[in-house]
$ cat work_17.txt   # compact mmCIF, N, CA and C atoms
# COMPACT_ATOMS: atom_id res chain seq x y z
N MET F 1 4.92 -12.97 7.47
CA MET F 1 5.54 -11.67 7.26
C MET F 1 6.26 -11.26 8.53
N ASP F 2 7.52 -10.95 8.39
CA ASP F 2 8.30 -10.54 9.54
C ASP F 2 8.76 -9.10 9.36
N GLY F 3 9.04 -8.44 10.46
CA GLY F 3 9.64 -7.11 10.41
C GLY F 3 8.66 -6.03 10.02
N ASN F 4 9.04 -5.28 8.98
CA ASN F 4 8.27 -4.14 8.51
C ASN F 4 7.72 -4.44 7.13
N VAL F 5 6.44 -4.12 6.92
CA VAL F 5 5.80 -4.38 5.63
C VAL F 5 5.04 -3.14 5.19
N PHE F 6 5.29 -2.71 3.97
CA PHE F 6 4.56 -1.60 3.38
C PHE F 6 3.31 -2.17 2.71
N ILE F 7 2.17 -1.53 2.94
CA ILE F 7 0.88 -2.01 2.45
C ILE F 7 0.45 -1.16 1.26
N ASP F 8 0.21 -1.82 0.12
CA ASP F 8 -0.26 -1.13 -1.08
C ASP F 8 -1.74 -0.77 -0.92
N THR F 9 -2.19 0.17 -1.72
CA THR F 9 -3.57 0.64 -1.66
C THR F 9 -4.58 -0.48 -1.85
N ASN F 10 -4.31 -1.40 -2.78
CA ASN F 10 -5.28 -2.47 -3.05
C ASN F 10 -5.46 -3.37 -1.84
N ILE F 11 -4.45 -3.53 -1.03
CA ILE F 11 -4.56 -4.30 0.21
C ILE F 11 -5.34 -3.50 1.26
N LEU F 12 -5.02 -2.23 1.40
CA LEU F 12 -5.71 -1.39 2.38
C LEU F 12 -7.21 -1.32 2.07
N LEU F 13 -7.56 -1.16 0.81
CA LEU F 13 -8.98 -1.12 0.44
C LEU F 13 -9.70 -2.38 0.90
N ARG F 14 -9.10 -3.54 0.65
CA ARG F 14 -9.73 -4.81 1.01
C ARG F 14 -9.74 -5.03 2.52
N ALA F 15 -8.79 -4.47 3.21
CA ALA F 15 -8.77 -4.59 4.67
C ALA F 15 -9.92 -3.79 5.30
N VAL F 16 -10.20 -2.65 4.74
CA VAL F 16 -11.17 -1.72 5.34
C VAL F 16 -12.59 -1.96 4.85
N LEU F 17 -12.75 -2.27 3.58
CA LEU F 17 -14.08 -2.32 2.97
C LEU F 17 -14.56 -3.77 2.84
N ALA F 18 -15.46 -4.15 3.71
CA ALA F 18 -15.93 -5.54 3.78
C ALA F 18 -16.60 -6.01 2.50
N GLU F 19 -17.13 -5.11 1.70
CA GLU F 19 -17.82 -5.51 0.48
C GLU F 19 -16.88 -5.85 -0.68
N MET F 20 -15.60 -5.60 -0.52
CA MET F 20 -14.65 -5.90 -1.59
C MET F 20 -14.25 -7.37 -1.57
N LYS F 21 -14.03 -7.92 -2.76
CA LYS F 21 -13.53 -9.29 -2.86
C LYS F 21 -12.21 -9.37 -2.11
N GLN F 22 -11.96 -10.52 -1.52
CA GLN F 22 -10.73 -10.82 -0.77
C GLN F 22 -10.64 -10.11 0.58
N HIS F 23 -11.73 -9.47 0.99
CA HIS F 23 -11.71 -8.77 2.29
C HIS F 23 -11.33 -9.72 3.42
N SER F 24 -11.99 -10.87 3.49
CA SER F 24 -11.75 -11.76 4.63
C SER F 24 -10.31 -12.25 4.67
N GLN F 25 -9.71 -12.56 3.49
CA GLN F 25 -8.32 -13.01 3.46
C GLN F 25 -7.37 -11.90 3.91
N VAL F 26 -7.58 -10.69 3.40
CA VAL F 26 -6.71 -9.57 3.76
C VAL F 26 -6.88 -9.23 5.24
N ASP F 27 -8.11 -9.19 5.70
CA ASP F 27 -8.38 -8.88 7.10
C ASP F 27 -7.67 -9.89 8.01
N ALA F 28 -7.80 -11.17 7.71
CA ALA F 28 -7.15 -12.21 8.52
C ALA F 28 -5.63 -12.07 8.48
N LEU F 29 -5.07 -11.81 7.30
CA LEU F 29 -3.63 -11.68 7.17
C LEU F 29 -3.09 -10.49 7.98
N LEU F 30 -3.75 -9.35 7.89
CA LEU F 30 -3.27 -8.17 8.61
C LEU F 30 -3.45 -8.34 10.12
N LYS F 31 -4.53 -8.97 10.53
CA LYS F 31 -4.71 -9.24 11.97
C LYS F 31 -3.60 -10.17 12.47
N ARG F 32 -3.27 -11.17 11.68
CA ARG F 32 -2.18 -12.08 12.07
C ARG F 32 -0.86 -11.32 12.13
N ALA F 33 -0.61 -10.47 11.16
CA ALA F 33 0.63 -9.68 11.15
C ALA F 33 0.73 -8.80 12.40
N ILE F 34 -0.37 -8.19 12.78
CA ILE F 34 -0.37 -7.35 13.97
C ILE F 34 -0.10 -8.19 15.22
N ARG F 35 -0.73 -9.36 15.31
CA ARG F 35 -0.48 -10.26 16.45
C ARG F 35 0.98 -10.67 16.51
N GLU F 36 1.60 -10.86 15.35
CA GLU F 36 3.00 -11.27 15.28
C GLU F 36 3.96 -10.08 15.38
N GLU F 37 3.39 -8.90 15.65
CA GLU F 37 4.15 -7.66 15.84
C GLU F 37 4.89 -7.21 14.59
N THR F 38 4.32 -7.52 13.43
CA THR F 38 4.84 -6.97 12.19
C THR F 38 4.44 -5.50 12.15
N GLU F 39 5.37 -4.65 11.81
CA GLU F 39 5.09 -3.22 11.72
C GLU F 39 4.53 -2.95 10.32
N LEU F 40 3.31 -2.45 10.25
CA LEU F 40 2.64 -2.18 8.98
C LEU F 40 2.75 -0.70 8.65
N TRP F 41 3.14 -0.43 7.41
CA TRP F 41 3.38 0.94 6.96
C TRP F 41 2.47 1.29 5.79
N ILE F 42 2.06 2.56 5.76
CA ILE F 42 1.41 3.17 4.59
C ILE F 42 2.03 4.56 4.43
N SER F 43 1.58 5.29 3.44
CA SER F 43 2.09 6.65 3.22
C SER F 43 0.94 7.58 2.86
N GLY F 44 1.26 8.85 2.75
CA GLY F 44 0.25 9.81 2.30
C GLY F 44 -0.31 9.44 0.95
N GLN F 45 0.53 8.94 0.07
CA GLN F 45 0.07 8.51 -1.25
C GLN F 45 -0.97 7.39 -1.12
N ILE F 46 -0.72 6.43 -0.25
CA ILE F 46 -1.65 5.31 -0.07
C ILE F 46 -2.98 5.83 0.49
N ILE F 47 -2.91 6.77 1.41
CA ILE F 47 -4.14 7.36 1.97
C ILE F 47 -4.92 8.07 0.86
N ARG F 48 -4.23 8.87 0.04
CA ARG F 48 -4.92 9.57 -1.06
C ARG F 48 -5.54 8.58 -2.03
N GLU F 49 -4.76 7.55 -2.41
CA GLU F 49 -5.28 6.56 -3.36
C GLU F 49 -6.48 5.81 -2.76
N PHE F 50 -6.44 5.52 -1.47
CA PHE F 50 -7.57 4.87 -0.81
C PHE F 50 -8.82 5.74 -0.96
N ILE F 51 -8.70 7.02 -0.66
CA ILE F 51 -9.86 7.92 -0.74
C ILE F 51 -10.38 8.01 -2.17
N VAL F 52 -9.48 8.10 -3.14
CA VAL F 52 -9.90 8.14 -4.55
C VAL F 52 -10.71 6.90 -4.90
N GLN F 53 -10.16 5.73 -4.57
CA GLN F 53 -10.82 4.47 -4.93
C GLN F 53 -12.11 4.24 -4.14
N ALA F 54 -12.11 4.53 -2.85
CA ALA F 54 -13.28 4.27 -2.02
C ALA F 54 -14.46 5.17 -2.38
N THR F 55 -14.19 6.31 -3.00
CA THR F 55 -15.27 7.23 -3.38
C THR F 55 -15.62 7.14 -4.86
N HIS F 56 -15.04 6.17 -5.56
CA HIS F 56 -15.25 6.04 -7.00
C HIS F 56 -16.28 4.94 -7.31
N PRO F 57 -17.25 5.24 -8.20
CA PRO F 57 -18.27 4.23 -8.51
C PRO F 57 -17.76 2.99 -9.24
N LYS F 58 -16.58 3.04 -9.81
CA LYS F 58 -16.01 1.84 -10.44
C LYS F 58 -15.45 0.87 -9.41
N THR F 59 -15.18 1.36 -8.21
CA THR F 59 -14.64 0.50 -7.15
C THR F 59 -15.76 -0.14 -6.33
N LEU F 60 -16.72 0.68 -5.95
CA LEU F 60 -17.83 0.22 -5.11
C LEU F 60 -19.16 0.55 -5.78
N SER F 61 -20.13 -0.35 -5.67
CA SER F 61 -21.45 -0.06 -6.26
C SER F 61 -22.09 1.14 -5.56
N ILE F 62 -21.85 1.27 -4.26
CA ILE F 62 -22.27 2.47 -3.53
C ILE F 62 -21.01 3.06 -2.90
N PRO F 63 -20.39 4.01 -3.62
CA PRO F 63 -19.13 4.57 -3.11
C PRO F 63 -19.31 5.28 -1.78
N LEU F 64 -18.22 5.35 -1.03
CA LEU F 64 -18.24 6.12 0.20
C LEU F 64 -18.29 7.60 -0.13
N THR F 65 -18.84 8.39 0.77
CA THR F 65 -18.71 9.83 0.65
C THR F 65 -17.30 10.20 1.11
N ILE F 66 -16.88 11.40 0.81
CA ILE F 66 -15.57 11.86 1.29
C ILE F 66 -15.54 11.78 2.81
N ALA F 67 -16.60 12.20 3.47
CA ALA F 67 -16.63 12.16 4.94
C ALA F 67 -16.47 10.73 5.45
N GLN F 68 -17.13 9.77 4.80
CA GLN F 68 -17.00 8.38 5.21
C GLN F 68 -15.59 7.85 4.98
N ALA F 69 -15.00 8.20 3.84
CA ALA F 69 -13.64 7.75 3.54
C ALA F 69 -12.65 8.32 4.54
N VAL F 70 -12.79 9.59 4.87
CA VAL F 70 -11.91 10.21 5.86
C VAL F 70 -12.11 9.55 7.22
N GLN F 71 -13.34 9.26 7.58
CA GLN F 71 -13.63 8.58 8.85
C GLN F 71 -12.96 7.20 8.89
N GLU F 72 -13.00 6.47 7.79
CA GLU F 72 -12.34 5.16 7.74
C GLU F 72 -10.83 5.30 7.94
N ILE F 73 -10.23 6.27 7.28
CA ILE F 73 -8.78 6.49 7.43
C ILE F 73 -8.45 6.86 8.87
N GLU F 74 -9.23 7.76 9.45
CA GLU F 74 -8.98 8.15 10.85
C GLU F 74 -9.06 6.94 11.77
N ALA F 75 -10.00 6.03 11.50
CA ALA F 75 -10.19 4.86 12.35
C ALA F 75 -9.01 3.89 12.26
N ILE F 76 -8.41 3.76 11.08
CA ILE F 76 -7.34 2.77 10.92
C ILE F 76 -5.93 3.33 11.13
N LYS F 77 -5.79 4.64 11.13
CA LYS F 77 -4.45 5.23 11.28
C LYS F 77 -3.64 4.66 12.43
N PRO F 78 -4.24 4.39 13.58
CA PRO F 78 -3.42 3.86 14.70
C PRO F 78 -2.80 2.49 14.42
N LEU F 79 -3.28 1.77 13.43
CA LEU F 79 -2.74 0.44 13.12
C LEU F 79 -1.47 0.50 12.28
N PHE F 80 -1.15 1.66 11.73
CA PHE F 80 -0.08 1.79 10.76
C PHE F 80 0.91 2.86 11.17
N ARG F 81 2.16 2.65 10.75
CA ARG F 81 3.14 3.74 10.73
C ARG F 81 2.93 4.44 9.41
N ILE F 82 3.02 5.75 9.40
CA ILE F 82 2.77 6.51 8.17
C ILE F 82 4.06 7.19 7.75
N ALA F 83 4.51 6.85 6.53
CA ALA F 83 5.73 7.43 5.97
C ALA F 83 5.37 8.74 5.28
N ASP F 84 5.97 9.81 5.73
CA ASP F 84 5.75 11.11 5.11
C ASP F 84 6.59 11.23 3.84
N GLU F 85 6.10 12.00 2.90
CA GLU F 85 6.86 12.23 1.68
C GLU F 85 7.81 13.40 1.93
N THR F 86 9.06 13.05 2.06
CA THR F 86 10.11 14.00 2.41
C THR F 86 10.99 14.30 1.19
N ALA F 87 11.97 15.17 1.40
CA ALA F 87 12.94 15.45 0.34
C ALA F 87 13.70 14.17 -0.03
N LEU F 88 13.97 13.32 0.94
CA LEU F 88 14.67 12.06 0.65
C LEU F 88 13.80 11.17 -0.25
N VAL F 89 12.49 11.12 0.01
CA VAL F 89 11.59 10.34 -0.85
C VAL F 89 11.65 10.90 -2.27
N ARG F 90 11.58 12.20 -2.40
CA ARG F 90 11.64 12.83 -3.74
C ARG F 90 12.95 12.48 -4.44
N ASP F 91 14.05 12.55 -3.73
CA ASP F 91 15.34 12.24 -4.33
C ASP F 91 15.43 10.77 -4.74
N LYS F 92 14.91 9.88 -3.90
CA LYS F 92 14.88 8.45 -4.25
C LYS F 92 14.02 8.23 -5.48
N LEU F 93 12.87 8.92 -5.56
CA LEU F 93 12.00 8.79 -6.72
C LEU F 93 12.72 9.22 -7.99
N LEU F 94 13.37 10.35 -7.97
CA LEU F 94 14.07 10.83 -9.17
C LEU F 94 15.17 9.85 -9.57
N GLY F 95 15.84 9.27 -8.60
CA GLY F 95 16.85 8.26 -8.90
C GLY F 95 16.25 7.02 -9.54
N LEU F 96 15.14 6.55 -9.00
CA LEU F 96 14.47 5.37 -9.56
C LEU F 96 13.98 5.62 -10.98
N LEU F 97 13.47 6.82 -11.22
CA LEU F 97 12.94 7.14 -12.55
C LEU F 97 14.03 7.15 -13.62
N THR F 98 15.24 7.48 -13.22
CA THR F 98 16.33 7.45 -14.20
C THR F 98 16.94 6.05 -14.31
N GLN F 99 16.78 5.23 -13.28
CA GLN F 99 17.38 3.89 -13.26
C GLN F 99 16.49 2.82 -13.90
N TYR F 100 15.17 2.98 -13.81
CA TYR F 100 14.22 1.97 -14.30
C TYR F 100 13.30 2.58 -15.34
N PRO F 101 12.98 1.80 -16.38
CA PRO F 101 12.04 2.32 -17.38
C PRO F 101 10.66 2.53 -16.75
N THR F 102 10.24 3.78 -16.68
CA THR F 102 9.00 4.15 -16.00
C THR F 102 8.35 5.29 -16.76
N GLN F 103 7.01 5.21 -16.88
CA GLN F 103 6.29 6.32 -17.51
C GLN F 103 4.84 6.32 -17.05
N GLY F 104 4.19 7.47 -17.24
CA GLY F 104 2.77 7.58 -16.93
C GLY F 104 2.44 7.19 -15.50
N LYS F 105 1.39 6.38 -15.35
CA LYS F 105 0.91 5.97 -14.03
C LYS F 105 1.93 5.13 -13.26
N GLN F 106 2.92 4.58 -13.96
CA GLN F 106 3.95 3.79 -13.29
C GLN F 106 4.76 4.64 -12.30
N VAL F 107 4.71 5.95 -12.47
CA VAL F 107 5.42 6.85 -11.56
C VAL F 107 4.86 6.69 -10.14
N HIS F 108 3.56 6.42 -10.03
CA HIS F 108 2.96 6.20 -8.70
C HIS F 108 3.60 4.98 -8.03
N ASP F 109 3.81 3.91 -8.79
CA ASP F 109 4.46 2.72 -8.25
C ASP F 109 5.89 3.04 -7.83
N ALA F 110 6.59 3.78 -8.67
CA ALA F 110 7.97 4.16 -8.35
C ALA F 110 8.01 5.00 -7.07
N ASN F 111 7.00 5.83 -6.86
CA ASN F 111 6.97 6.65 -5.65
C ASN F 111 6.77 5.79 -4.40
N ILE F 112 5.98 4.73 -4.53
CA ILE F 112 5.83 3.80 -3.40
C ILE F 112 7.18 3.18 -3.07
N VAL F 113 7.89 2.74 -4.07
CA VAL F 113 9.21 2.14 -3.85
C VAL F 113 10.18 3.18 -3.28
N ALA F 114 10.15 4.39 -3.79
CA ALA F 114 11.01 5.46 -3.27
C ALA F 114 10.72 5.71 -1.79
N THR F 115 9.45 5.72 -1.43
CA THR F 115 9.07 5.92 -0.03
C THR F 115 9.61 4.77 0.82
N MET F 116 9.45 3.56 0.33
CA MET F 116 9.96 2.40 1.06
C MET F 116 11.47 2.51 1.27
N LEU F 117 12.19 2.84 0.23
CA LEU F 117 13.65 2.93 0.32
C LEU F 117 14.08 4.03 1.29
N ALA F 118 13.37 5.16 1.26
CA ALA F 118 13.71 6.27 2.15
C ALA F 118 13.52 5.90 3.61
N TYR F 119 12.59 4.99 3.88
CA TYR F 119 12.31 4.56 5.25
C TYR F 119 12.91 3.18 5.58
N ASP F 120 13.81 2.72 4.73
CA ASP F 120 14.46 1.42 4.93
C ASP F 120 13.46 0.27 5.08
N LEU F 121 12.42 0.30 4.26
CA LEU F 121 11.42 -0.76 4.23
C LEU F 121 11.68 -1.59 2.99
N ASP F 122 11.77 -2.90 3.15
CA ASP F 122 12.14 -3.70 1.98
C ASP F 122 11.07 -4.69 1.53
N THR F 123 9.89 -4.69 2.18
CA THR F 123 8.85 -5.65 1.83
C THR F 123 7.55 -4.94 1.50
N LEU F 124 6.98 -5.26 0.35
CA LEU F 124 5.72 -4.67 -0.11
C LEU F 124 4.68 -5.77 -0.25
N LEU F 125 3.52 -5.58 0.38
CA LEU F 125 2.39 -6.47 0.21
C LEU F 125 1.42 -5.82 -0.77
N THR F 126 1.19 -6.50 -1.90
CA THR F 126 0.36 -5.93 -2.96
C THR F 126 -0.39 -7.03 -3.70
N LEU F 127 -1.47 -6.65 -4.36
CA LEU F 127 -2.15 -7.55 -5.29
C LEU F 127 -1.58 -7.38 -6.69
N ASN F 128 -0.85 -6.31 -6.92
CA ASN F 128 -0.32 -5.98 -8.25
C ASN F 128 1.17 -6.27 -8.33
N VAL F 129 1.53 -7.51 -8.16
CA VAL F 129 2.94 -7.91 -8.16
C VAL F 129 3.62 -7.49 -9.45
N ASP F 130 2.97 -7.69 -10.58
CA ASP F 130 3.59 -7.37 -11.87
C ASP F 130 3.96 -5.89 -12.00
N ASP F 131 3.20 -5.01 -11.36
CA ASP F 131 3.48 -3.57 -11.44
C ASP F 131 4.81 -3.20 -10.79
N PHE F 132 5.29 -4.04 -9.89
CA PHE F 132 6.50 -3.72 -9.13
C PHE F 132 7.69 -4.60 -9.49
N LYS F 133 7.51 -5.54 -10.42
CA LYS F 133 8.60 -6.48 -10.75
C LYS F 133 9.89 -5.79 -11.16
N ARG F 134 9.80 -4.67 -11.84
CA ARG F 134 11.02 -3.99 -12.28
C ARG F 134 11.88 -3.51 -11.11
N PHE F 135 11.28 -3.45 -9.91
CA PHE F 135 12.00 -3.00 -8.72
C PHE F 135 12.41 -4.15 -7.81
N GLU F 136 12.29 -5.40 -8.27
CA GLU F 136 12.52 -6.53 -7.37
C GLU F 136 13.97 -6.68 -6.93
N ASP F 137 14.89 -5.94 -7.54
CA ASP F 137 16.26 -5.93 -7.02
C ASP F 137 16.40 -4.94 -5.85
N GLN F 138 15.36 -4.13 -5.63
CA GLN F 138 15.37 -3.14 -4.55
C GLN F 138 14.49 -3.55 -3.36
N ILE F 139 13.37 -4.25 -3.67
CA ILE F 139 12.41 -4.60 -2.62
C ILE F 139 11.93 -6.04 -2.81
N GLU F 140 11.41 -6.61 -1.74
CA GLU F 140 10.75 -7.91 -1.82
C GLU F 140 9.26 -7.64 -2.04
N ILE F 141 8.70 -8.29 -3.02
CA ILE F 141 7.30 -8.11 -3.37
C ILE F 141 6.57 -9.38 -2.96
N ILE F 142 5.57 -9.23 -2.08
CA ILE F 142 4.82 -10.40 -1.67
C ILE F 142 3.34 -10.20 -2.03
N SER F 143 2.70 -11.30 -2.37
CA SER F 143 1.30 -11.27 -2.76
C SER F 143 0.44 -11.88 -1.67
N LEU F 144 -0.83 -11.62 -1.77
CA LEU F 144 -1.78 -12.20 -0.83
C LEU F 144 -1.75 -13.73 -0.90
N GLU F 145 -1.62 -14.26 -2.10
CA GLU F 145 -1.62 -15.71 -2.29
C GLU F 145 -0.47 -16.39 -1.54
N GLN F 146 0.65 -15.69 -1.37
CA GLN F 146 1.77 -16.27 -0.66
C GLN F 146 1.50 -16.46 0.83
N HIS F 147 0.49 -15.75 1.34
CA HIS F 147 0.26 -15.73 2.79
C HIS F 147 -1.13 -16.17 3.20
N THR F 148 -1.89 -16.75 2.28
CA THR F 148 -3.21 -17.25 2.65
C THR F 148 -3.32 -18.72 2.24
N PRO F 149 -3.97 -19.50 3.08
CA PRO F 149 -4.10 -20.94 2.77
C PRO F 149 -5.04 -21.20 1.61
$ encode --input "work_17.txt" --output "structure tokens"
Amino acid sequence: MDGNVFIDTNILLRAVLAEMKQHSQVDALLKRAIREETELWISGQIIREFIVQATHPKTLSIPLTIAQAVQEIEAIKPLFRIADETALVRDKLLGLLTQYPTQGKQVHDANIVATMLAYDLDTLLTLNVDDFKRFEDQIEIISLEQHTP
């Protein structure tokens, strides 16, 4: 991974929470990216989604408390650039929603892409490649499998 990479929630969860499947692969990949001076990005949406998932019993057998989830975010914030949701992000989102067939929860995916476009980020690391395929003319979508032996 070169340059700037936006990190999806599913990657962030696995990077932070050692009990999740694929933790070691994600941890190794992100450490390598940092060593190679790849700029890693997240957004407020990714932080919110992390907290939702980390405190949910369907994600972890023993979910984090809100205080623990916030503590984890505070600990990792220095590793990432954080894209704020600005008026430009909102405008990009509205444009994407009219350009691509999107509905329901897919709006969250479109907002990630809108945030990326507003910050001139063109690479997304995700486990949910299929969720973003409709935007592949706008961004490069990379999976964990592409970067792990």
$ atom_distance --input "work_17.txt" --atom1 "atom C of Ala54 in chain F" --atom2 "atom C of Val16 in chain F"
10.3 Å
$ closest_atom_pairs --input "work_17.txt" --of "range 102-146 of chain F" --to "range 82-92 of chain F" --cutoff "6 Å" --atoms "all atoms listed in the file" --output "Markdown table"
| residue | atom | partner | partner_atom | distance |
| --- | --- | --- | --- | --- |
| F:Ala114 | CA | F:Lys92 | C | 4.6 |
| F:Thr115 | N | F:Val89 | CA | 5.1 |
| F:Ala118 | CA | F:Val89 | N | 5.4 |
$ closest_residue --input "work_17.txt" --among "F:Glu72, F:Asp27, F:Glu145, F:Asp8" --to "Ile46 in chain F" --atoms "all atoms listed in the file"
F:Asp8
$ residues_around --input "work_17.txt" --residues "Ala15 in chain F" --least-positions-apart "3" --cutoff "6 Å" --atoms "all atoms listed in the file" --output "number ranges by chain"
F: 11-12, 18, 23, 26-27
$ closest_residue --input "work_17.txt" --among "F:Val5, F:Arg134, F:Leu144, F:Thr59" --to "Pro101 in chain F" --atoms "all atoms listed in the file"
F:Arg134
$ residues_around --input "work_17.txt" --residues "Glu39 in chain F" --least-positions-apart "5" --cutoff "7 Å" --atoms "all atoms listed in the file" --output "ChimeraX atom specification"
/F:2-6,33-34,80-81
$ atom_distance --input "work_17.txt" --atom1 "CA of Ile76 in chain F" --atom2 "CA of Ile62 in chain F"
20.8 Å
$ atom_distance --input "work_17.txt" --atom1 "atom C of Trp41 in chain F" --atom2 "CA of Ile7 in chain F"
5.0 Å
$ select_by_dssp --input "work_17.txt" --residues "range 1-147 of chain F" --states "strand (DSSP E)" --output "list of chain:residue names"
F:Asn4, F:Val5, F:Phe6, F:Ile7, F:Glu39, F:Leu40, F:Trp41, F:Ile42, F:Ser43, F:Arg81, F:Ile82, F:Ala83, F:Thr123, F:Leu124, F:Leu125, F:Glu140, F:Ile141, F:Ile142
$ residues_near_point --input "work_17.txt" --point "(4.6, 3.7, -13.5)" --cutoff "12 Å" --atoms "only C-alpha atoms" --output "list in words"
Leu93, Leu96, Leu97, Tyr100, Pro101, Thr102, Gln103, Gly104, Lys105, Gln106, Val107, His108, Asp109, Ala110, Asn111, Ile112, Val113, Asp130, Asp131, Phe132, Lys133, Arg134 and Phe135 of chain F
$ select_by_dssp --input "work_17.txt" --residues "chain F" --states "helix (DSSP H, G or I)" --output "ChimeraX atom specification"
/F:9-16,23-35,44-54,66-79,87-99,106-118,129-135,144-147
$ closest_residue --input "work_17.txt" --among "F:Leu40, F:Leu17, F:Leu60, F:Val129" --to "Gln146 in chain F" --atoms "only C-alpha atoms"
F:Val129
$ closest_residue --input "work_17.txt" --among "F:Ser143, F:Phe50, F:Asp137, F:Glu36" --to "Ala69 in chain F" --atoms "all atoms listed in the file"
F:Phe50
